[in-house]
file upload03.cif (mmCIF, C-alpha atoms)
data_entry
loop_
_atom_site.label_atom_id
_atom_site.label_comp_id
_atom_site.auth_asym_id
_atom_site.auth_seq_id
_atom_site.Cartn_x
_atom_site.Cartn_y
_atom_site.Cartn_z
CA PHE Y 1 -21.51 -168.96 -14.33
CA TYR Y 2 -19.14 -170.98 -12.17
CA ILE Y 3 -21.35 -174.07 -12.32
CA GLU Y 4 -21.70 -173.67 -16.07
CA SER Y 5 -17.92 -173.38 -16.47
CA VAL Y 6 -17.29 -176.45 -14.32
CA SER Y 7 -19.90 -178.40 -16.26
CA ARG Y 8 -18.40 -177.37 -19.60
CA LEU Y 9 -14.89 -178.07 -18.33
CA ASN Y 10 -15.98 -181.55 -17.28
CA GLN Y 11 -17.55 -182.13 -20.70
CA SER Y 12 -14.54 -180.84 -22.62
CA THR Y 13 -12.03 -182.89 -20.60
CA GLN Y 14 -13.99 -186.14 -20.46
CA GLY Y 15 -11.77 -188.96 -21.69
CA THR Y 16 -8.61 -186.84 -21.61
CA PRO Y 17 -5.68 -186.80 -19.19
CA TYR Y 18 -6.86 -183.36 -17.99
CA VAL Y 19 -9.73 -184.92 -16.06
CA GLU Y 20 -7.32 -186.20 -13.38
CA LEU Y 21 -5.33 -182.96 -13.02
CA PRO Y 22 -5.83 -180.04 -10.63
CA LEU Y 23 -7.18 -176.85 -12.24
CA GLY Y 24 -3.80 -175.12 -11.98
CA GLU Y 25 -2.13 -177.83 -14.04
CA VAL Y 26 -4.91 -177.83 -16.64
CA ILE Y 27 -4.53 -174.05 -16.96
CA LYS Y 28 -0.76 -174.28 -17.30
CA LEU Y 29 -0.92 -177.02 -19.95
CA THR Y 30 -3.65 -175.40 -22.07
CA LYS Y 31 -2.99 -171.65 -21.79
CA ASP Y 32 -1.04 -171.25 -25.01
CA VAL Y 33 -2.50 -174.17 -26.99
CA GLU Y 34 -5.03 -172.87 -29.51
CA SER Y 35 -6.74 -176.25 -29.90
CA GLU Y 36 -7.28 -176.33 -26.11
CA ARG Y 37 -8.56 -172.76 -25.77
CA GLU Y 38 -11.99 -173.89 -24.60
CA VAL Y 39 -10.50 -176.12 -21.89
CA TYR Y 40 -8.27 -173.24 -20.74
CA LYS Y 41 -11.19 -170.81 -20.70
CA TYR Y 42 -13.38 -173.00 -18.50
CA ALA Y 43 -10.53 -174.06 -16.21
CA ALA Y 44 -9.36 -170.47 -15.72
CA ASP Y 45 -12.91 -169.28 -15.09
CA ALA Y 46 -13.53 -171.98 -12.47
CA TRP Y 47 -10.16 -171.33 -10.79
CA SER Y 48 -10.70 -167.54 -10.72
CA HIS Y 49 -14.18 -167.90 -9.24
CA GLU Y 50 -12.91 -170.24 -6.53
CA PHE Y 51 -10.14 -167.76 -5.72
CA PHE Y 52 -12.68 -164.91 -5.63
CA TRP Y 53 -14.94 -166.76 -3.20
CA LYS Y 54 -11.94 -167.22 -0.91
CA SER Y 55 -11.18 -163.50 -1.34
CA ILE Y 56 -14.47 -162.51 0.31
CA THR Y 57 -15.76 -163.04 3.81
CA ALA Y 58 -18.59 -161.79 5.97
CA ASN Y 59 -17.44 -158.90 8.13
CA GLY Y 60 -14.29 -158.51 6.04
CA GLY Y 61 -12.89 -155.45 4.39
CA GLY Y 62 -11.50 -152.29 5.86
CA LYS Y 63 -7.82 -151.72 6.30
CA PRO Y 64 -5.72 -154.88 6.59
CA SER Y 65 -3.05 -155.31 9.24
CA GLY Y 66 0.24 -157.06 9.74
CA GLU Y 67 2.74 -157.81 7.02
CA LEU Y 68 0.12 -157.32 4.33
CA LEU Y 69 -0.51 -153.73 5.39
CA GLY Y 70 3.24 -153.13 5.47
CA LYS Y 71 3.61 -154.51 1.93
CA ILE Y 72 0.68 -152.37 0.75
CA GLU Y 73 2.15 -149.24 2.31
CA ASN Y 74 5.57 -150.04 0.86
CA ALA Y 75 4.18 -150.62 -2.64
CA PHE Y 76 1.57 -147.85 -2.79
CA GLY Y 77 2.61 -145.36 -0.12
CA SER Y 78 -0.52 -145.88 1.97
CA TYR Y 79 -3.62 -148.02 2.20
CA GLU Y 80 -5.66 -145.07 0.95
CA LYS Y 81 -3.50 -144.85 -2.22
CA PHE Y 82 -3.84 -148.61 -2.73
CA ARG Y 83 -7.61 -148.28 -2.38
CA SER Y 84 -7.71 -145.41 -4.86
CA ASP Y 85 -5.52 -147.29 -7.38
CA PHE Y 86 -7.64 -150.45 -6.99
CA LEU Y 87 -10.85 -148.51 -7.66
CA GLU Y 88 -9.29 -146.76 -10.67
CA THR Y 89 -8.29 -150.15 -12.07
CA VAL Y 90 -11.90 -151.31 -11.72
CA ASP Y 91 -13.05 -148.13 -13.50
CA ARG Y 92 -10.61 -148.71 -16.40
CA LEU Y 93 -11.52 -152.36 -16.97
CA GLU Y 94 -13.66 -152.52 -20.08
CA GLY Y 95 -16.12 -155.37 -20.28
CA SER Y 96 -15.88 -158.36 -18.00
CA GLY Y 97 -12.87 -159.49 -16.06
CA TRP Y 98 -11.00 -159.43 -12.78
CA VAL Y 99 -9.00 -156.97 -10.69
CA TRP Y 100 -6.14 -158.66 -8.86
CA LEU Y 101 -3.80 -157.79 -6.05
CA VAL Y 102 -0.68 -159.81 -6.86
CA LEU Y 103 2.82 -160.22 -5.55
CA GLU Y 104 5.40 -159.99 -8.30
CA ASN Y 105 9.13 -159.92 -7.68
CA GLY Y 106 8.47 -159.24 -4.01
CA THR Y 107 6.25 -156.20 -4.65
CA LEU Y 108 2.47 -155.91 -4.50
CA LYS Y 109 0.81 -154.72 -7.70
CA ILE Y 110 -2.73 -154.23 -8.94
CA LEU Y 111 -3.58 -155.57 -12.35
CA SER Y 112 -6.64 -156.47 -14.32
CA THR Y 113 -7.35 -159.31 -16.67
CA SER Y 114 -10.14 -159.51 -19.21
CA ASN Y 115 -12.65 -162.28 -19.58
CA TYR Y 116 -11.11 -165.60 -18.58
CA ASP Y 117 -7.47 -164.60 -18.41
CA ILE Y 118 -5.54 -164.93 -15.17
CA PRO Y 119 -2.28 -163.29 -14.06
CA ALA Y 120 0.98 -164.38 -15.60
CA GLU Y 121 2.95 -167.19 -13.97
CA THR Y 122 5.30 -164.61 -12.43
CA ALA Y 123 2.48 -162.94 -10.47
CA GLN Y 124 1.27 -164.67 -7.28
CA PRO Y 125 -2.42 -163.84 -6.77
CA VAL Y 126 -3.11 -162.45 -3.32
CA LEU Y 127 -6.73 -161.27 -3.66
CA VAL Y 128 -9.19 -160.83 -6.54
CA LEU Y 129 -12.39 -158.97 -7.32
CA ASP Y 130 -14.84 -160.47 -9.82
CA VAL Y 131 -15.79 -157.60 -12.16
CA TRP Y 132 -18.14 -159.56 -14.38
CA GLU Y 133 -21.60 -158.10 -14.71
CA HIS Y 134 -23.18 -161.09 -12.96
CA ALA Y 135 -21.24 -160.23 -9.80
CA SER Y 136 -22.42 -156.67 -9.32
CA VAL Y 137 -25.57 -155.95 -11.29
CA ALA Y 138 -28.13 -157.38 -8.82
CA GLU Y 139 -27.17 -155.13 -5.93
CA PHE Y 140 -25.25 -152.29 -7.55
CA GLY Y 141 -26.64 -152.10 -11.08
CA ASN Y 142 -23.99 -150.70 -13.39
CA ASN Y 143 -22.18 -148.90 -10.57
CA ARG Y 144 -18.96 -150.89 -10.55
CA ARG Y 145 -17.23 -148.39 -8.30
CA ALA Y 146 -19.85 -148.83 -5.55
CA TYR Y 147 -19.49 -152.59 -5.94
CA ALA Y 148 -15.69 -152.39 -5.64
CA GLU Y 149 -15.93 -150.00 -2.69
CA ASN Y 150 -18.25 -152.47 -0.95
CA PHE Y 151 -15.74 -155.25 -1.60
CA LEU Y 152 -12.84 -153.28 -0.11
CA ASP Y 153 -14.83 -151.84 2.80
CA HIS Y 154 -16.89 -154.87 3.84
CA LEU Y 155 -15.92 -158.12 2.11
CA ALA Y 156 -12.19 -158.35 1.34
CA ASN Y 157 -10.76 -161.39 3.11
CA TRP Y 158 -7.46 -159.95 4.32
CA GLU Y 159 -6.65 -163.15 6.25
CA PHE Y 160 -6.80 -165.12 2.99
CA ALA Y 161 -4.67 -162.46 1.31
CA GLU Y 162 -2.13 -162.60 4.14
CA LYS Y 163 -1.89 -166.40 3.77
CA ASN Y 164 -1.24 -165.99 0.06
CA LEU Y 165 1.38 -163.36 0.77
CA MET Y 166 3.10 -165.56 3.35
CA SER Y 167 3.13 -168.63 1.11
CA PHE Y 168 5.01 -166.94 -1.75
CA PRO Y 169 6.94 -168.15 -3.68
CA ARG Y 170 4.73 -170.97 -4.79
CA LYS Y 171 2.61 -171.77 -7.75
CA ARG Y 172 -1.05 -170.80 -7.69
CA GLU Y 173 -3.47 -172.95 -5.80
CA SER Y 174 -4.29 -175.90 -7.96
CA ASN Y 175 -7.93 -176.16 -6.98
#

call {"tool": "encode", "arguments": {"input": "upload03.cif", "output": "structure tokens"}}
result
Amino acid sequence: FYIESVSRLNQSTQGTPYVELPLGEVIKLTKDVESEREVYKYAADAWSHEFFWKSITANGGGKPSGELLGKIENAFGSYEKFRSDFLETVDRLEGSGWVWLVLENGTLKILSTSNYDIPAETAQPVLVLDVWEHASVAEFGNNRRAYAENFLDHLANWEFAEKNLMSFPRKRESN
């Protein structure tokens, strides 16, 4: 799906000023422009997938440490409560989309976005889980919860999340 989105993004931006811009700029410029909805959709999909791939790592997962753990405990009360809230957000997401850990106004929050949408400009993405059917169906079938549990327990790249936390405030990565 990522390759398809990049290919379609390249086709839809060919000959336009967007072709020279980082994904973050393309997203920002096209988000609320109806005539550019297709460009936004493919740019947001490519950006979200890239962010997701950075959000996973071999031998990742488990309980984070450092400032990130402190922020999680401050925002949710405990890592266990964060984990429970994250899994509940996955359960509530209807259809395809993303579950995000974001930093907004200095506080960590969990939110979901549907389809190609990404968090608002005020929310700094810290970590994301791809909850599209193509991400989980091969290994976990329709059991999204098992897929999300596997992500949190074995794949979450807490080092990447910590870097995103430490670099706030900044705009999203542009590519």

call {"tool": "resolve_selection", "arguments": {"input": "upload03.cif", "expression": "the PyMOL selection byres ((chain Y and resi 152-169) around 7)", "output": "list of chain:residue names"}}
result
Y:Lys54, Y:Ser55, Y:Ile56, Y:Thr57, Y:Ala58, Y:Asn59, Y:Gly60, Y:Gly61, Y:Gly62, Y:Pro64, Y:Leu68, Y:Val126, Y:Leu127, Y:Ala148, Y:Glu149, Y:Asn150, Y:Phe151, Y:Arg170, Y:Lys171

call {"tool": "resolve_selection", "arguments": {"input": "upload03.cif", "expression": "the PyMOL selection byres ((chain Y and resi 88) around 12)", "output": "mmCIF file with C-alpha atoms, in the coordinates of the input"}}
result
data_model
loop_
_atom_site.group_PDB
_atom_site.id
_atom_site.type_symbol
_atom_site.label_atom_id
_atom_site.label_comp_id
_atom_site.auth_asym_id
_atom_site.auth_seq_id
_atom_site.Cartn_x
_atom_site.Cartn_y
_atom_site.Cartn_z
ATOM 1 C CA LYS Y 81 -3.500 -144.850 -2.220
ATOM 2 C CA PHE Y 82 -3.840 -148.610 -2.730
ATOM 3 C CA ARG Y 83 -7.610 -148.280 -2.380
ATOM 4 C CA SER Y 84 -7.710 -145.410 -4.860
ATOM 5 C CA ASP Y 85 -5.520 -147.290 -7.380
ATOM 6 C CA PHE Y 86 -7.640 -150.450 -6.990
ATOM 7 C CA LEU Y 87 -10.850 -148.510 -7.660
ATOM 8 C CA THR Y 89 -8.290 -150.150 -12.070
ATOM 9 C CA VAL Y 90 -11.900 -151.310 -11.720
ATOM 10 C CA ASP Y 91 -13.050 -148.130 -13.500
ATOM 11 C CA ARG Y 92 -10.610 -148.710 -16.400
ATOM 12 C CA LEU Y 93 -11.520 -152.360 -16.970
ATOM 13 C CA GLU Y 94 -13.660 -152.520 -20.080
ATOM 14 C CA VAL Y 99 -9.000 -156.970 -10.690
ATOM 15 C CA ILE Y 110 -2.730 -154.230 -8.940
ATOM 16 C CA LEU Y 111 -3.580 -155.570 -12.350
ATOM 17 C CA SER Y 112 -6.640 -156.470 -14.320
ATOM 18 C CA ARG Y 144 -18.960 -150.890 -10.550
ATOM 19 C CA ARG Y 145 -17.230 -148.390 -8.300
ATOM 20 C CA ALA Y 146 -19.850 -148.830 -5.550
ATOM 21 C CA ALA Y 148 -15.690 -152.390 -5.640
ATOM 22 C CA GLU Y 149 -15.930 -150.000 -2.690
#

call {"tool": "atom_distance", "arguments": {"input": "upload03.cif", "atom1": "CA of Glu50 in chain Y", "atom2": "CA of Ser12 in chain Y"}}
result
19.3 Å

call {"tool": "atom_distance", "arguments": {"input": "upload03.cif", "atom1": "CA of Ala123 in chain Y", "atom2": "CA of Gln11 in chain Y"}}
result
29.6 Å

call {"tool": "atom_distance", "arguments": {"input": "upload03.cif", "atom1": "CA of Val19 in chain Y", "atom2": "CA of Asp130 in chain Y"}}
result
25.7 Å

call {"tool": "resolve_selection", "arguments": {"input": "upload03.cif", "expression": "the PyMOL selection byres ((chain Y and resi 22-36) around 10)", "output": "list in words"}}
result
Leu9, Ser12, Thr13, Pro17, Tyr18, Val19, Glu20, Leu21, Arg37, Glu38, Val39, Tyr40, Lys41, Tyr42, Ala43, Ala44, Asp45, Ala46, Trp47, Asp117, Ile118, Glu121, Lys171, Arg172, Glu173, Ser174 and Asn175 of chain Y

call {"tool": "closest_residue", "arguments": {"input": "upload03.cif", "among": "Y:Trp132, Y:Phe76, Y:Trp53, Y:Tyr147", "to": "Leu108 in chain Y", "atoms": "all atoms listed in the file"}}
result
Y:Phe76
